[in-house]
Each structure stands twice: as C-alpha cells, then as structure tokens.
$ cat query36.txt   # compact mmCIF, N, CA and C atoms
# COMPACT_ATOMS: atom_id res chain seq x y z
N MET A 1284 -145.83 -17.04 25.80
CA MET A 1284 -146.05 -15.64 25.47
C MET A 1284 -146.51 -15.49 24.02
N ALA A 1285 -145.98 -16.34 23.14
CA ALA A 1285 -146.35 -16.28 21.73
C ALA A 1285 -147.84 -16.59 21.55
N ASN A 1286 -148.36 -17.56 22.30
CA ASN A 1286 -149.77 -17.91 22.21
C ASN A 1286 -150.66 -16.73 22.58
N HIS A 1287 -150.26 -16.01 23.63
CA HIS A 1287 -151.04 -14.85 24.07
C HIS A 1287 -151.08 -13.79 22.97
N ARG A 1288 -149.96 -13.52 22.36
CA ARG A 1288 -149.91 -12.52 21.28
C ARG A 1288 -150.75 -12.97 20.09
N GLU A 1289 -150.70 -14.25 19.79
CA GLU A 1289 -151.50 -14.78 18.68
C GLU A 1289 -152.99 -14.65 18.99
N GLU A 1290 -153.37 -14.92 20.24
CA GLU A 1290 -154.77 -14.80 20.65
C GLU A 1290 -155.25 -13.36 20.54
N VAL A 1291 -154.40 -12.43 20.98
CA VAL A 1291 -154.75 -11.01 20.92
C VAL A 1291 -154.87 -10.57 19.46
N ALA A 1292 -153.94 -11.00 18.62
CA ALA A 1292 -153.98 -10.64 17.20
C ALA A 1292 -155.25 -11.20 16.55
N ALA A 1293 -155.59 -12.44 16.87
CA ALA A 1293 -156.79 -13.06 16.30
C ALA A 1293 -158.05 -12.33 16.78
N ALA A 1294 -158.08 -11.95 18.05
CA ALA A 1294 -159.23 -11.22 18.60
C ALA A 1294 -159.36 -9.85 17.92
N ASN A 1295 -158.25 -9.17 17.72
CA ASN A 1295 -158.27 -7.87 17.05
C ASN A 1295 -158.77 -8.01 15.61
N GLU A 1296 -158.37 -9.08 14.95
CA GLU A 1296 -158.81 -9.32 13.58
C GLU A 1296 -160.32 -9.57 13.53
N ARG A 1297 -160.83 -10.38 14.47
CA ARG A 1297 -162.27 -10.63 14.54
C ARG A 1297 -163.04 -9.34 14.82
N ALA A 1298 -162.50 -8.53 15.70
CA ALA A 1298 -163.16 -7.25 16.02
C ALA A 1298 -163.19 -6.33 14.81
N ALA A 1299 -162.11 -6.28 14.06
CA ALA A 1299 -162.05 -5.43 12.86
C ALA A 1299 -163.06 -5.89 11.82
N VAL A 1300 -163.19 -7.20 11.64
CA VAL A 1300 -164.16 -7.73 10.68
C VAL A 1300 -165.58 -7.38 11.12
N ARG A 1301 -165.85 -7.58 12.40
CA ARG A 1301 -167.19 -7.26 12.91
C ARG A 1301 -167.49 -5.77 12.79
N LEU A 1302 -166.53 -4.93 13.13
CA LEU A 1302 -166.72 -3.48 13.05
C LEU A 1302 -166.95 -3.04 11.61
N SER A 1303 -166.30 -3.70 10.66
CA SER A 1303 -166.48 -3.32 9.25
C SER A 1303 -167.90 -3.61 8.77
N LYS A 1304 -168.60 -4.51 9.44
CA LYS A 1304 -169.98 -4.87 9.06
C LYS A 1304 -171.02 -4.12 9.87
N THR A 1305 -170.59 -3.35 10.85
CA THR A 1305 -171.50 -2.64 11.75
C THR A 1305 -171.55 -1.16 11.39
N PRO A 1306 -172.76 -0.60 11.23
CA PRO A 1306 -172.84 0.84 10.97
C PRO A 1306 -172.26 1.62 12.16
N THR A 1307 -171.49 2.63 11.86
CA THR A 1307 -170.90 3.48 12.90
C THR A 1307 -171.32 4.93 12.67
N ALA A 1308 -171.26 5.71 13.72
CA ALA A 1308 -171.61 7.13 13.62
C ALA A 1308 -170.50 7.89 12.93
N THR A 1309 -170.86 8.68 11.93
CA THR A 1309 -169.88 9.53 11.26
C THR A 1309 -170.10 11.00 11.61
N VAL A 1310 -171.36 11.37 11.84
CA VAL A 1310 -171.72 12.74 12.20
C VAL A 1310 -172.87 12.67 13.20
N ALA A 1311 -172.85 13.55 14.19
CA ALA A 1311 -173.97 13.63 15.14
C ALA A 1311 -174.16 15.08 15.54
N HIS A 1312 -175.41 15.50 15.61
CA HIS A 1312 -175.72 16.86 16.06
C HIS A 1312 -177.13 16.91 16.64
N TYR A 1313 -177.39 17.99 17.36
CA TYR A 1313 -178.74 18.23 17.88
C TYR A 1313 -179.42 19.23 16.98
N ASP A 1314 -180.57 18.87 16.44
CA ASP A 1314 -181.35 19.74 15.57
C ASP A 1314 -182.39 20.46 16.43
N LYS A 1315 -182.14 21.74 16.71
CA LYS A 1315 -183.03 22.51 17.58
C LYS A 1315 -184.42 22.67 16.97
N ARG A 1316 -184.48 22.83 15.66
CA ARG A 1316 -185.77 23.03 14.99
C ARG A 1316 -186.67 21.81 15.17
N MET A 1317 -186.12 20.62 14.99
CA MET A 1317 -186.90 19.39 15.15
C MET A 1317 -186.95 18.91 16.60
N GLY A 1318 -186.00 19.37 17.42
CA GLY A 1318 -185.92 18.88 18.80
C GLY A 1318 -185.45 17.44 18.85
N ARG A 1319 -184.53 17.09 17.96
CA ARG A 1319 -184.06 15.71 17.84
C ARG A 1319 -182.54 15.64 17.80
N ILE A 1320 -182.01 14.55 18.33
CA ILE A 1320 -180.61 14.22 18.14
C ILE A 1320 -180.55 13.45 16.83
N VAL A 1321 -179.68 13.88 15.93
CA VAL A 1321 -179.58 13.29 14.60
C VAL A 1321 -178.19 12.66 14.45
N ILE A 1322 -178.17 11.40 14.03
CA ILE A 1322 -176.92 10.67 13.85
C ILE A 1322 -176.86 10.16 12.42
N GLU A 1323 -175.78 10.49 11.73
CA GLU A 1323 -175.55 9.95 10.39
C GLU A 1323 -174.62 8.75 10.52
N LEU A 1324 -175.02 7.63 9.93
CA LEU A 1324 -174.25 6.40 10.03
C LEU A 1324 -173.40 6.17 8.78
N SER A 1325 -172.38 5.34 8.95
CA SER A 1325 -171.50 5.02 7.84
C SER A 1325 -172.25 4.34 6.69
N SER A 1326 -173.40 3.77 6.98
CA SER A 1326 -174.21 3.11 5.96
C SER A 1326 -175.04 4.12 5.16
N GLY A 1327 -175.03 5.39 5.58
CA GLY A 1327 -175.82 6.41 4.92
C GLY A 1327 -177.16 6.66 5.59
N LEU A 1328 -177.53 5.80 6.53
CA LEU A 1328 -178.79 5.94 7.25
C LEU A 1328 -178.71 7.11 8.24
N LEU A 1329 -179.79 7.85 8.36
CA LEU A 1329 -179.91 8.90 9.37
C LEU A 1329 -180.86 8.41 10.45
N VAL A 1330 -180.47 8.58 11.70
CA VAL A 1330 -181.30 8.20 12.84
C VAL A 1330 -181.56 9.46 13.65
N ALA A 1331 -182.82 9.72 13.94
CA ALA A 1331 -183.18 10.90 14.75
C ALA A 1331 -184.15 10.46 15.83
N PHE A 1332 -183.97 11.00 17.03
CA PHE A 1332 -184.86 10.66 18.13
C PHE A 1332 -184.95 11.82 19.11
N ARG A 1333 -186.05 11.85 19.85
CA ARG A 1333 -186.24 12.88 20.88
C ARG A 1333 -185.34 12.55 22.06
N PRO A 1334 -184.60 13.50 22.59
CA PRO A 1334 -183.72 13.22 23.73
C PRO A 1334 -184.44 12.62 24.92
N GLN A 1335 -185.65 13.07 25.21
CA GLN A 1335 -186.36 12.57 26.39
C GLN A 1335 -186.75 11.11 26.26
N ASP A 1336 -186.59 10.52 25.07
CA ASP A 1336 -186.87 9.11 24.87
C ASP A 1336 -185.67 8.22 25.21
N ALA A 1337 -184.55 8.83 25.57
CA ALA A 1337 -183.34 8.07 25.89
C ALA A 1337 -183.02 8.21 27.37
N GLN A 1338 -182.63 7.10 27.97
CA GLN A 1338 -182.29 7.09 29.40
C GLN A 1338 -181.12 8.03 29.66
N GLY A 1339 -181.28 8.86 30.67
CA GLY A 1339 -180.24 9.81 31.04
C GLY A 1339 -180.41 11.17 30.38
N PHE A 1340 -181.36 11.28 29.45
CA PHE A 1340 -181.55 12.53 28.71
C PHE A 1340 -182.91 13.16 29.01
N GLU A 1341 -183.67 12.59 29.93
CA GLU A 1341 -185.03 13.02 30.19
C GLU A 1341 -185.14 14.51 30.51
N ARG A 1342 -184.19 15.04 31.23
CA ARG A 1342 -184.25 16.44 31.67
C ARG A 1342 -183.22 17.32 30.97
N ALA A 1343 -182.60 16.81 29.92
CA ALA A 1343 -181.56 17.57 29.22
C ALA A 1343 -182.18 18.77 28.49
N LYS A 1344 -181.51 19.89 28.58
CA LYS A 1344 -181.94 21.10 27.90
C LYS A 1344 -181.24 21.16 26.53
N PRO A 1345 -181.87 21.78 25.55
CA PRO A 1345 -181.29 21.83 24.20
C PRO A 1345 -179.83 22.32 24.18
N GLU A 1346 -179.51 23.32 24.98
CA GLU A 1346 -178.14 23.85 24.98
C GLU A 1346 -177.13 22.84 25.53
N GLN A 1347 -177.60 21.86 26.28
CA GLN A 1347 -176.71 20.82 26.81
C GLN A 1347 -176.44 19.72 25.78
N LEU A 1348 -177.16 19.74 24.68
CA LEU A 1348 -177.03 18.68 23.68
C LEU A 1348 -176.27 19.11 22.44
N THR A 1349 -175.78 20.36 22.43
CA THR A 1349 -175.13 20.86 21.23
C THR A 1349 -173.75 20.26 21.00
N LYS A 1350 -173.06 19.89 22.06
CA LYS A 1350 -171.74 19.28 21.91
C LYS A 1350 -171.85 17.77 22.05
N ILE A 1351 -171.52 17.06 20.96
CA ILE A 1351 -171.58 15.61 20.94
C ILE A 1351 -170.23 15.09 20.46
N GLU A 1352 -169.66 14.19 21.22
CA GLU A 1352 -168.38 13.57 20.86
C GLU A 1352 -168.64 12.14 20.39
N ILE A 1353 -168.08 11.80 19.23
CA ILE A 1353 -168.20 10.44 18.70
C ILE A 1353 -166.95 9.67 19.13
N SER A 1354 -167.14 8.47 19.68
CA SER A 1354 -166.01 7.67 20.13
C SER A 1354 -165.15 7.27 18.92
N PRO A 1355 -163.87 6.96 19.15
CA PRO A 1355 -163.00 6.56 18.05
C PRO A 1355 -163.54 5.38 17.23
N SER A 1356 -164.24 4.46 17.87
CA SER A 1356 -164.80 3.31 17.14
C SER A 1356 -166.04 3.69 16.34
N GLY A 1357 -166.66 4.83 16.70
CA GLY A 1357 -167.90 5.23 16.05
C GLY A 1357 -169.13 4.55 16.63
N LEU A 1358 -168.92 3.78 17.69
CA LEU A 1358 -170.03 3.04 18.29
C LEU A 1358 -170.66 3.76 19.49
N GLY A 1359 -170.05 4.84 19.92
CA GLY A 1359 -170.56 5.55 21.08
C GLY A 1359 -170.64 7.04 20.86
N LEU A 1360 -171.60 7.66 21.54
CA LEU A 1360 -171.73 9.12 21.54
C LEU A 1360 -171.66 9.58 22.98
N HIS A 1361 -170.92 10.66 23.21
CA HIS A 1361 -170.80 11.22 24.56
C HIS A 1361 -171.28 12.66 24.54
N PHE A 1362 -172.07 13.01 25.54
CA PHE A 1362 -172.60 14.35 25.71
C PHE A 1362 -171.97 14.93 26.97
N PRO A 1363 -170.87 15.69 26.83
CA PRO A 1363 -170.13 16.15 28.01
C PRO A 1363 -170.93 17.04 28.96
N ALA A 1364 -171.84 17.85 28.47
CA ALA A 1364 -172.58 18.78 29.33
C ALA A 1364 -173.46 18.06 30.34
N ILE A 1365 -173.92 16.85 30.02
CA ILE A 1365 -174.75 16.10 30.95
C ILE A 1365 -174.09 14.78 31.35
N ASP A 1366 -172.86 14.59 30.91
CA ASP A 1366 -172.08 13.38 31.20
C ASP A 1366 -172.92 12.11 30.94
N ALA A 1367 -173.45 12.04 29.72
CA ALA A 1367 -174.27 10.89 29.33
C ALA A 1367 -173.73 10.30 28.04
N ASP A 1368 -173.96 9.01 27.87
CA ASP A 1368 -173.47 8.30 26.70
C ASP A 1368 -174.59 7.51 26.05
N ILE A 1369 -174.43 7.29 24.75
CA ILE A 1369 -175.33 6.41 24.01
C ILE A 1369 -174.47 5.41 23.28
N TYR A 1370 -174.82 4.13 23.42
CA TYR A 1370 -174.14 3.05 22.71
C TYR A 1370 -174.93 2.80 21.44
N LEU A 1371 -174.33 3.06 20.29
CA LEU A 1371 -175.02 3.01 19.02
C LEU A 1371 -175.67 1.66 18.71
N PRO A 1372 -174.99 0.52 18.90
CA PRO A 1372 -175.69 -0.75 18.65
C PRO A 1372 -176.97 -0.90 19.47
N GLY A 1373 -176.95 -0.44 20.71
CA GLY A 1373 -178.16 -0.49 21.54
C GLY A 1373 -179.26 0.40 20.98
N LEU A 1374 -178.87 1.58 20.50
CA LEU A 1374 -179.83 2.49 19.91
C LEU A 1374 -180.46 1.87 18.67
N LEU A 1375 -179.64 1.25 17.85
CA LEU A 1375 -180.15 0.66 16.62
C LEU A 1375 -181.05 -0.54 16.88
N GLU A 1376 -180.88 -1.18 18.01
CA GLU A 1376 -181.76 -2.29 18.37
C GLU A 1376 -183.07 -1.79 18.96
N GLY A 1377 -183.18 -0.46 19.12
CA GLY A 1377 -184.42 0.11 19.64
C GLY A 1377 -184.42 0.29 21.13
N PHE A 1378 -183.30 0.08 21.78
CA PHE A 1378 -183.22 0.24 23.22
C PHE A 1378 -182.48 1.53 23.52
N LEU A 1379 -183.21 2.52 23.99
CA LEU A 1379 -182.60 3.80 24.32
C LEU A 1379 -182.29 3.89 25.80
N GLY A 1380 -182.39 2.79 26.48
CA GLY A 1380 -182.07 2.71 27.89
C GLY A 1380 -182.03 1.25 28.30
N SER A 1381 -181.86 1.02 29.58
CA SER A 1381 -181.84 -0.35 30.07
C SER A 1381 -183.21 -0.99 29.88
N ARG A 1382 -183.27 -2.32 29.93
CA ARG A 1382 -184.55 -3.01 29.78
C ARG A 1382 -185.56 -2.54 30.83
N ARG A 1383 -185.08 -2.36 32.04
CA ARG A 1383 -185.98 -1.94 33.13
C ARG A 1383 -186.54 -0.55 32.86
N TRP A 1384 -185.68 0.36 32.41
CA TRP A 1384 -186.10 1.73 32.12
C TRP A 1384 -187.10 1.74 30.97
N MET A 1385 -186.80 0.97 29.90
CA MET A 1385 -187.70 0.92 28.75
C MET A 1385 -189.06 0.35 29.15
N ALA A 1386 -189.05 -0.68 29.99
CA ALA A 1386 -190.32 -1.28 30.44
C ALA A 1386 -191.14 -0.24 31.21
N ALA A 1387 -190.47 0.56 32.03
CA ALA A 1387 -191.18 1.60 32.78
C ALA A 1387 -191.78 2.63 31.84
N GLN A 1388 -191.04 3.01 30.80
CA GLN A 1388 -191.55 3.99 29.84
C GLN A 1388 -192.75 3.43 29.08
N LEU A 1389 -192.66 2.17 28.67
CA LEU A 1389 -193.78 1.54 27.97
C LEU A 1389 -195.00 1.41 28.88
N GLY A 1390 -194.74 1.12 30.16
CA GLY A 1390 -195.83 1.02 31.12
C GLY A 1390 -196.54 2.34 31.30
N LYS A 1391 -195.76 3.43 31.35
CA LYS A 1391 -196.36 4.76 31.47
C LYS A 1391 -197.23 5.05 30.26
N ALA A 1392 -196.72 4.76 29.08
CA ALA A 1392 -197.46 5.04 27.85
C ALA A 1392 -198.72 4.18 27.79
N GLY A 1393 -198.59 2.91 28.12
CA GLY A 1393 -199.75 2.01 28.09
C GLY A 1393 -200.80 2.39 29.10
N GLY A 1394 -200.38 2.84 30.26
CA GLY A 1394 -201.32 3.22 31.31
C GLY A 1394 -202.11 4.46 30.97
N SER A 1395 -201.56 5.32 30.14
CA SER A 1395 -202.25 6.56 29.80
C SER A 1395 -203.11 6.45 28.55
N VAL A 1396 -203.03 5.32 27.87
CA VAL A 1396 -203.82 5.13 26.66
C VAL A 1396 -205.27 4.83 27.03
N THR A 1397 -206.20 5.45 26.31
CA THR A 1397 -207.61 5.17 26.54
C THR A 1397 -208.21 4.57 25.28
N SER A 1398 -209.17 3.70 25.46
CA SER A 1398 -209.88 3.09 24.35
C SER A 1398 -211.27 2.70 24.84
N ARG A 1399 -212.13 2.36 23.92
CA ARG A 1399 -213.48 1.93 24.31
C ARG A 1399 -213.42 0.64 25.11
N ALA A 1400 -212.53 -0.27 24.69
CA ALA A 1400 -212.41 -1.55 25.39
C ALA A 1400 -211.90 -1.34 26.81
N LYS A 1401 -210.92 -0.45 26.98
CA LYS A 1401 -210.38 -0.20 28.31
C LYS A 1401 -211.44 0.45 29.20
N THR A 1402 -212.18 1.40 28.65
CA THR A 1402 -213.23 2.06 29.40
C THR A 1402 -214.30 1.06 29.83
N ALA A 1403 -214.68 0.17 28.92
CA ALA A 1403 -215.68 -0.85 29.24
C ALA A 1403 -215.17 -1.79 30.34
N ALA A 1404 -213.91 -2.17 30.28
CA ALA A 1404 -213.34 -3.07 31.29
C ALA A 1404 -213.32 -2.40 32.66
N VAL A 1405 -212.98 -1.12 32.69
CA VAL A 1405 -212.95 -0.37 33.96
C VAL A 1405 -214.36 -0.30 34.55
N ARG A 1406 -215.34 -0.03 33.71
CA ARG A 1406 -216.72 0.05 34.20
C ARG A 1406 -217.20 -1.30 34.73
N ALA A 1407 -216.87 -2.37 34.00
CA ALA A 1407 -217.27 -3.71 34.43
C ALA A 1407 -216.61 -4.07 35.76
N ASN A 1408 -215.36 -3.71 35.92
CA ASN A 1408 -214.64 -3.97 37.17
C ASN A 1408 -215.26 -3.16 38.30
N GLY A 1409 -215.66 -1.94 38.01
CA GLY A 1409 -216.31 -1.10 39.02
C GLY A 1409 -217.62 -1.69 39.51
N LYS A 1410 -218.37 -2.31 38.61
CA LYS A 1410 -219.63 -2.94 38.99
C LYS A 1410 -219.42 -4.14 39.91
N LEU A 1411 -218.22 -4.73 39.82
CA LEU A 1411 -217.89 -5.88 40.67
C LEU A 1411 -217.30 -5.44 42.02
N GLY A 1412 -217.23 -4.17 42.24
CA GLY A 1412 -216.69 -3.68 43.51
C GLY A 1412 -215.35 -2.99 43.36
N GLY A 1413 -214.83 -2.93 42.17
CA GLY A 1413 -213.57 -2.24 41.94
C GLY A 1413 -212.37 -3.05 42.34
N ARG A 1414 -211.26 -2.36 42.43
CA ARG A 1414 -209.99 -2.99 42.78
C ARG A 1414 -210.01 -3.39 44.25
N PRO A 1415 -209.51 -4.58 44.58
CA PRO A 1415 -209.48 -5.01 45.99
C PRO A 1415 -208.61 -4.08 46.83
N LYS A 1416 -209.01 -3.89 48.07
CA LYS A 1416 -208.25 -3.06 48.99
C LYS A 1416 -206.95 -3.75 49.36
N LYS A 1417 -205.88 -2.98 49.48
CA LYS A 1417 -204.60 -3.52 49.92
C LYS A 1417 -204.62 -3.68 51.44
N ILE A 1418 -204.11 -4.79 51.88
CA ILE A 1418 -204.03 -5.04 53.32
C ILE A 1418 -202.56 -4.95 53.69
N HIS A 1419 -202.19 -3.89 54.39
CA HIS A 1419 -200.80 -3.69 54.76
C HIS A 1419 -200.42 -4.58 55.94
N GLY A 1420 -199.27 -5.20 55.82
CA GLY A 1420 -198.76 -6.03 56.91
C GLY A 1420 -199.31 -7.44 56.95
N ALA A 1421 -200.20 -7.77 56.02
CA ALA A 1421 -200.79 -9.11 56.01
C ALA A 1421 -200.09 -9.96 54.95
N ASN A 1422 -199.78 -11.16 55.32
CA ASN A 1422 -199.21 -12.11 54.36
C ASN A 1422 -200.34 -12.97 53.85
N VAL A 1423 -200.60 -12.84 52.56
CA VAL A 1423 -201.68 -13.60 51.95
C VAL A 1423 -201.04 -14.74 51.16
N VAL A 1424 -201.48 -15.95 51.44
CA VAL A 1424 -200.97 -17.12 50.71
C VAL A 1424 -202.06 -17.61 49.79
N ALA A 1425 -201.70 -17.74 48.52
CA ALA A 1425 -202.72 -18.17 47.55
C ALA A 1425 -202.55 -19.64 47.24

$ encode --input "query36.txt" --output "structure tokens"
Amino acid sequence: MANHREEVAAANERAAVRLSKTPTATVAHYDKRMGRIVIELSSGLLVAFRPQDAQGFERAKPEQLTKIEISPSGLGLHFPAIDADIYLPGLLEGFLGSRRWMAAQLGKAGGSVTSRAKTAAVRANGKLGGRPKKIHGANVVA
C-alpha cells in the first residue's frame, strides 16, 4: 500500500511541475464586436479565434458563447449553452478539432481556392477528356 501512495504522490508532483510550465487560461470571454472567443493565458498571451473555426462551435450563436467556464486546472474551457469544450493545449497546438475534422476543413478551403495554375490544370485535364466516369458496382484492380 505504501508503494501505491508513493507512486501517486510522485505522479502528482510530476503533474504539478508540468502544469507550472504550461500556460493556463486565466480569463475567457466572447467579444461580440470582433466575433471572437478571447482567452487570456497565465503567460500574458491573448488568444482569439472565430468560433466557427473550432469543432463543435460551427453553428453556435453569439448569445450561446457569453458564458464560459474555465476548468480548475485552467486547461479546459466549457460552454454550457452548447455543451462544448475546448482543451487549451490542443488549441495552442493549432488544433481546434480532431485531426479528421481539421483535415476536412483544410480540404474545403483548398478546394475553393482558385489560382492561375489551378485553372490551367483544370483546362488541360478537360482537353484530355476530363475526370474519368465512376463505374458503380465494378471492382477495378490496378
């Protein structure tokens, strides 16, 4: 039993050291004028982002974002009106959602971008007959 208590104490000590080196949320609010969620960190850094850029917040209305609860550790934010959470370390790493969700968002943005090179590639592909037709129900082995 003593070993278990020592392990727990050592783990708690490691967690405290790590937490002391990690920026935590001290203040969070929704700025209606900017249309951004603003988080003040213990390091003095301010982080602001559009709610629709975060997974689970795509359809949130401004009035649903006014109440923000900061977790006791300062690592999480909870939005009770939409029952959504943000994990601060994930936000700081640039991930406002799961990898799959972020990839989908980047794909949407990339697909809507136009450039001279993209236009030229589309035209060249069109001259070759365009995109191949999909064959439903056929198993193609390459």

$ residues_around --input "query36.txt" --residues "Phe1332 (chain A)" --least-positions-apart "3" --cutoff "10 Å" --atoms "only C-alpha atoms" --output "PyMOL selection string"
chain A and resi 1313+1317-1322+1335-1337+1374+1379

$ closest_residue --input "query36.txt" --among "A:Leu1324, A:Gly1413, A:Pro1345, A:Thr1402" --to "Ala1311 (chain A)" --atoms "only N, CA and C atoms"
A:Leu1324

$ select_by_dssp --input "query36.txt" --residues "region 1300-1399 of chain A" --states "alpha helix (DSSP H)" --output "list in words"
Val1300, Arg1301, Leu1302, Ser1303, Lys1304, Leu1371, Pro1372, Gly1373, Leu1374, Leu1375, Arg1382, Arg1383, Trp1384, Met1385, Ala1386, Ala1387, Gln1388, Leu1389, Gly1390, Lys1391, Ala1392, Gly1393, Gly1394, Ser1395 and Arg1399 of chain A

$ atom_distance --input "query36.txt" --atom1 "atom C of Gly1409 (chain A)" --atom2 "CA of Thr1397 (chain A)"
17.8 Å

$ closest_residue --input "query36.txt" --among "A:Arg1342, A:Leu1358, A:Val1291, A:Leu1329" --to "Thr1307 (chain A)" --atoms "only N, CA and C atoms"
A:Leu1358

$ atom_distance --input "query36.txt" --atom1 "CA of Ala1331 (chain A)" --atom2 "atom N of Leu1302 (chain A)"
23.0 Å

$ select_by_dssp --input "query36.txt" --residues "region 1294-1396 of chain A" --states "strand (DSSP E)" --output "number ranges by chain"
A: 1308-1314, 1319-1324, 1329-1332, 1352-1353, 1359-1362, 1367-1370

$ atom_distance --input "query36.txt" --atom1 "atom C of Pro1355 (chain A)" --atom2 "CA of Arg1383 (chain A)"
28.5 Å

$ closest_residue --input "query36.txt" --among "A:Leu1375, A:Val1405, A:Glu1346, A:Ala1308" --to "Leu1360 (chain A)" --atoms "only C-alpha atoms"
A:Ala1308

$ closest_residue --input "query36.txt" --among "A:Thr1309, A:Ser1326, A:Gln1338, A:Ser1398" --to "Gly1357 (chain A)" --atoms "only C-alpha atoms"
A:Thr1309

$ closest_residue --input "query36.txt" --among "A:Pro1372, A:Gly1412, A:Pro1363, A:Pro1306" --to "Gly1327 (chain A)" --atoms "all atoms listed in the file"
A:Pro1306

$ closest_residue --input "query36.txt" --among "A:Leu1348, A:Ala1407, A:Ala1386, A:Ala1293" --to "Asp1368 (chain A)" --atoms "only C-alpha atoms"
A:Leu1348

$ axis_aligned_box --input "query36.txt" --around "region 1295-1302 of chain A" --padding-each-side "4 Å" --output "lines of an AutoDock Vina configuration file"
center_x = -162.9
center_y = -6.8
center_z = 14.2
size_x = 17.2
size_y = 15.6
size_z = 15.0

$ decode --input "query36.txt" --residues "region 1331-1347 of chain A" --atoms "N, CA, C and O atoms" --output "JSON list (two decimals), in the first residue's frame"
[["chain", "number", "residue", "atom", "x", "y", "z"],
["A", 1331, "ALA", "N", -7.18, 34.64, -29.62],
["A", 1331, "ALA", "CA", -8.54, 34.92, -30.09],
["A", 1331, "ALA", "C", -8.77, 34.13, -31.37],
["A", 1331, "ALA", "O", -7.88, 34.01, -32.21],
["A", 1332, "PHE", "N", -9.97, 33.57, -31.50],
["A", 1332, "PHE", "CA", -10.30, 32.81, -32.71],
["A", 1332, "PHE", "C", -11.79, 32.89, -32.98],
["A", 1332, "PHE", "O", -12.60, 33.15, -32.08],
["A", 1333, "ARG", "N", -12.14, 32.68, -34.24],
["A", 1333, "ARG", "CA", -13.56, 32.66, -34.64],
["A", 1333, "ARG", "C", -14.17, 31.35, -34.15],
["A", 1333, "ARG", "O", -13.59, 30.28, -34.37],
["A", 1334, "PRO", "N", -15.33, 31.38, -33.52],
["A", 1334, "PRO", "CA", -15.95, 30.15, -33.03],
["A", 1334, "PRO", "C", -16.16, 29.11, -34.12],
["A", 1334, "PRO", "O", -15.96, 27.92, -33.89],
["A", 1335, "GLN", "N", -16.54, 29.52, -35.32],
["A", 1335, "GLN", "CA", -16.81, 28.56, -36.38],
["A", 1335, "GLN", "C", -15.57, 27.81, -36.83],
["A", 1335, "GLN", "O", -15.67, 26.83, -37.57],
["A", 1336, "ASP", "N", -14.39, 28.24, -36.38],
["A", 1336, "ASP", "CA", -13.15, 27.54, -36.71],
["A", 1336, "ASP", "C", -12.85, 26.41, -35.74],
["A", 1336, "ASP", "O", -11.86, 25.71, -35.90],
["A", 1337, "ALA", "N", -13.68, 26.24, -34.73],
["A", 1337, "ALA", "CA", -13.47, 25.19, -33.73],
["A", 1337, "ALA", "C", -14.56, 24.13, -33.84],
["A", 1337, "ALA", "O", -15.74, 24.45, -33.99],
["A", 1338, "GLN", "N", -14.14, 22.88, -33.73],
["A", 1338, "GLN", "CA", -15.09, 21.76, -33.83],
["A", 1338, "GLN", "C", -16.13, 21.86, -32.71],
["A", 1338, "GLN", "O", -15.79, 22.08, -31.55],
["A", 1339, "GLY", "N", -17.38, 21.72, -33.09],
["A", 1339, "GLY", "CA", -18.47, 21.79, -32.13],
["A", 1339, "GLY", "C", -19.06, 23.18, -31.99],
["A", 1339, "GLY", "O", -20.08, 23.37, -31.34],
["A", 1340, "PHE", "N", -18.43, 24.17, -32.61],
["A", 1340, "PHE", "CA", -18.88, 25.55, -32.48],
["A", 1340, "PHE", "C", -19.38, 26.12, -33.81],
["A", 1340, "PHE", "O", -19.71, 27.29, -33.90],
["A", 1341, "GLU", "N", -19.43, 25.30, -34.84],
["A", 1341, "GLU", "CA", -19.75, 25.77, -36.18],
["A", 1341, "GLU", "C", -21.07, 26.53, -36.26],
["A", 1341, "GLU", "O", -21.19, 27.49, -36.99],
["A", 1342, "ARG", "N", -22.06, 26.09, -35.51],
["A", 1342, "ARG", "CA", -23.39, 26.70, -35.59],
["A", 1342, "ARG", "C", -23.75, 27.49, -34.33],
["A", 1342, "ARG", "O", -24.90, 27.87, -34.14],
["A", 1343, "ALA", "N", -22.77, 27.74, -33.47],
["A", 1343, "ALA", "CA", -23.04, 28.45, -32.22],
["A", 1343, "ALA", "C", -23.40, 29.91, -32.50],
["A", 1343, "ALA", "O", -22.80, 30.56, -33.34],
["A", 1344, "LYS", "N", -24.40, 30.38, -31.80],
["A", 1344, "LYS", "CA", -24.83, 31.77, -31.91],
["A", 1344, "LYS", "C", -24.09, 32.59, -30.84],
["A", 1344, "LYS", "O", -23.72, 32.06, -29.80],
["A", 1345, "PRO", "N", -23.86, 33.87, -31.10],
["A", 1345, "PRO", "CA", -23.12, 34.70, -30.15],
["A", 1345, "PRO", "C", -23.66, 34.63, -28.72],
["A", 1345, "PRO", "O", -22.89, 34.55, -27.76],
["A", 1346, "GLU", "N", -24.98, 34.62, -28.56],
["A", 1346, "GLU", "CA", -25.55, 34.59, -27.21],
["A", 1346, "GLU", "C", -25.26, 33.27, -26.49],
["A", 1346, "GLU", "O", -25.33, 33.19, -25.26],
["A", 1347, "GLN", "N", -24.93, 32.22, -27.24],
["A", 1347, "GLN", "CA", -24.60, 30.94, -26.63],
["A", 1347, "GLN", "C", -23.14, 30.89, -26.16],
["A", 1347, "GLN", "O", -22.75, 29.94, -25.50]]
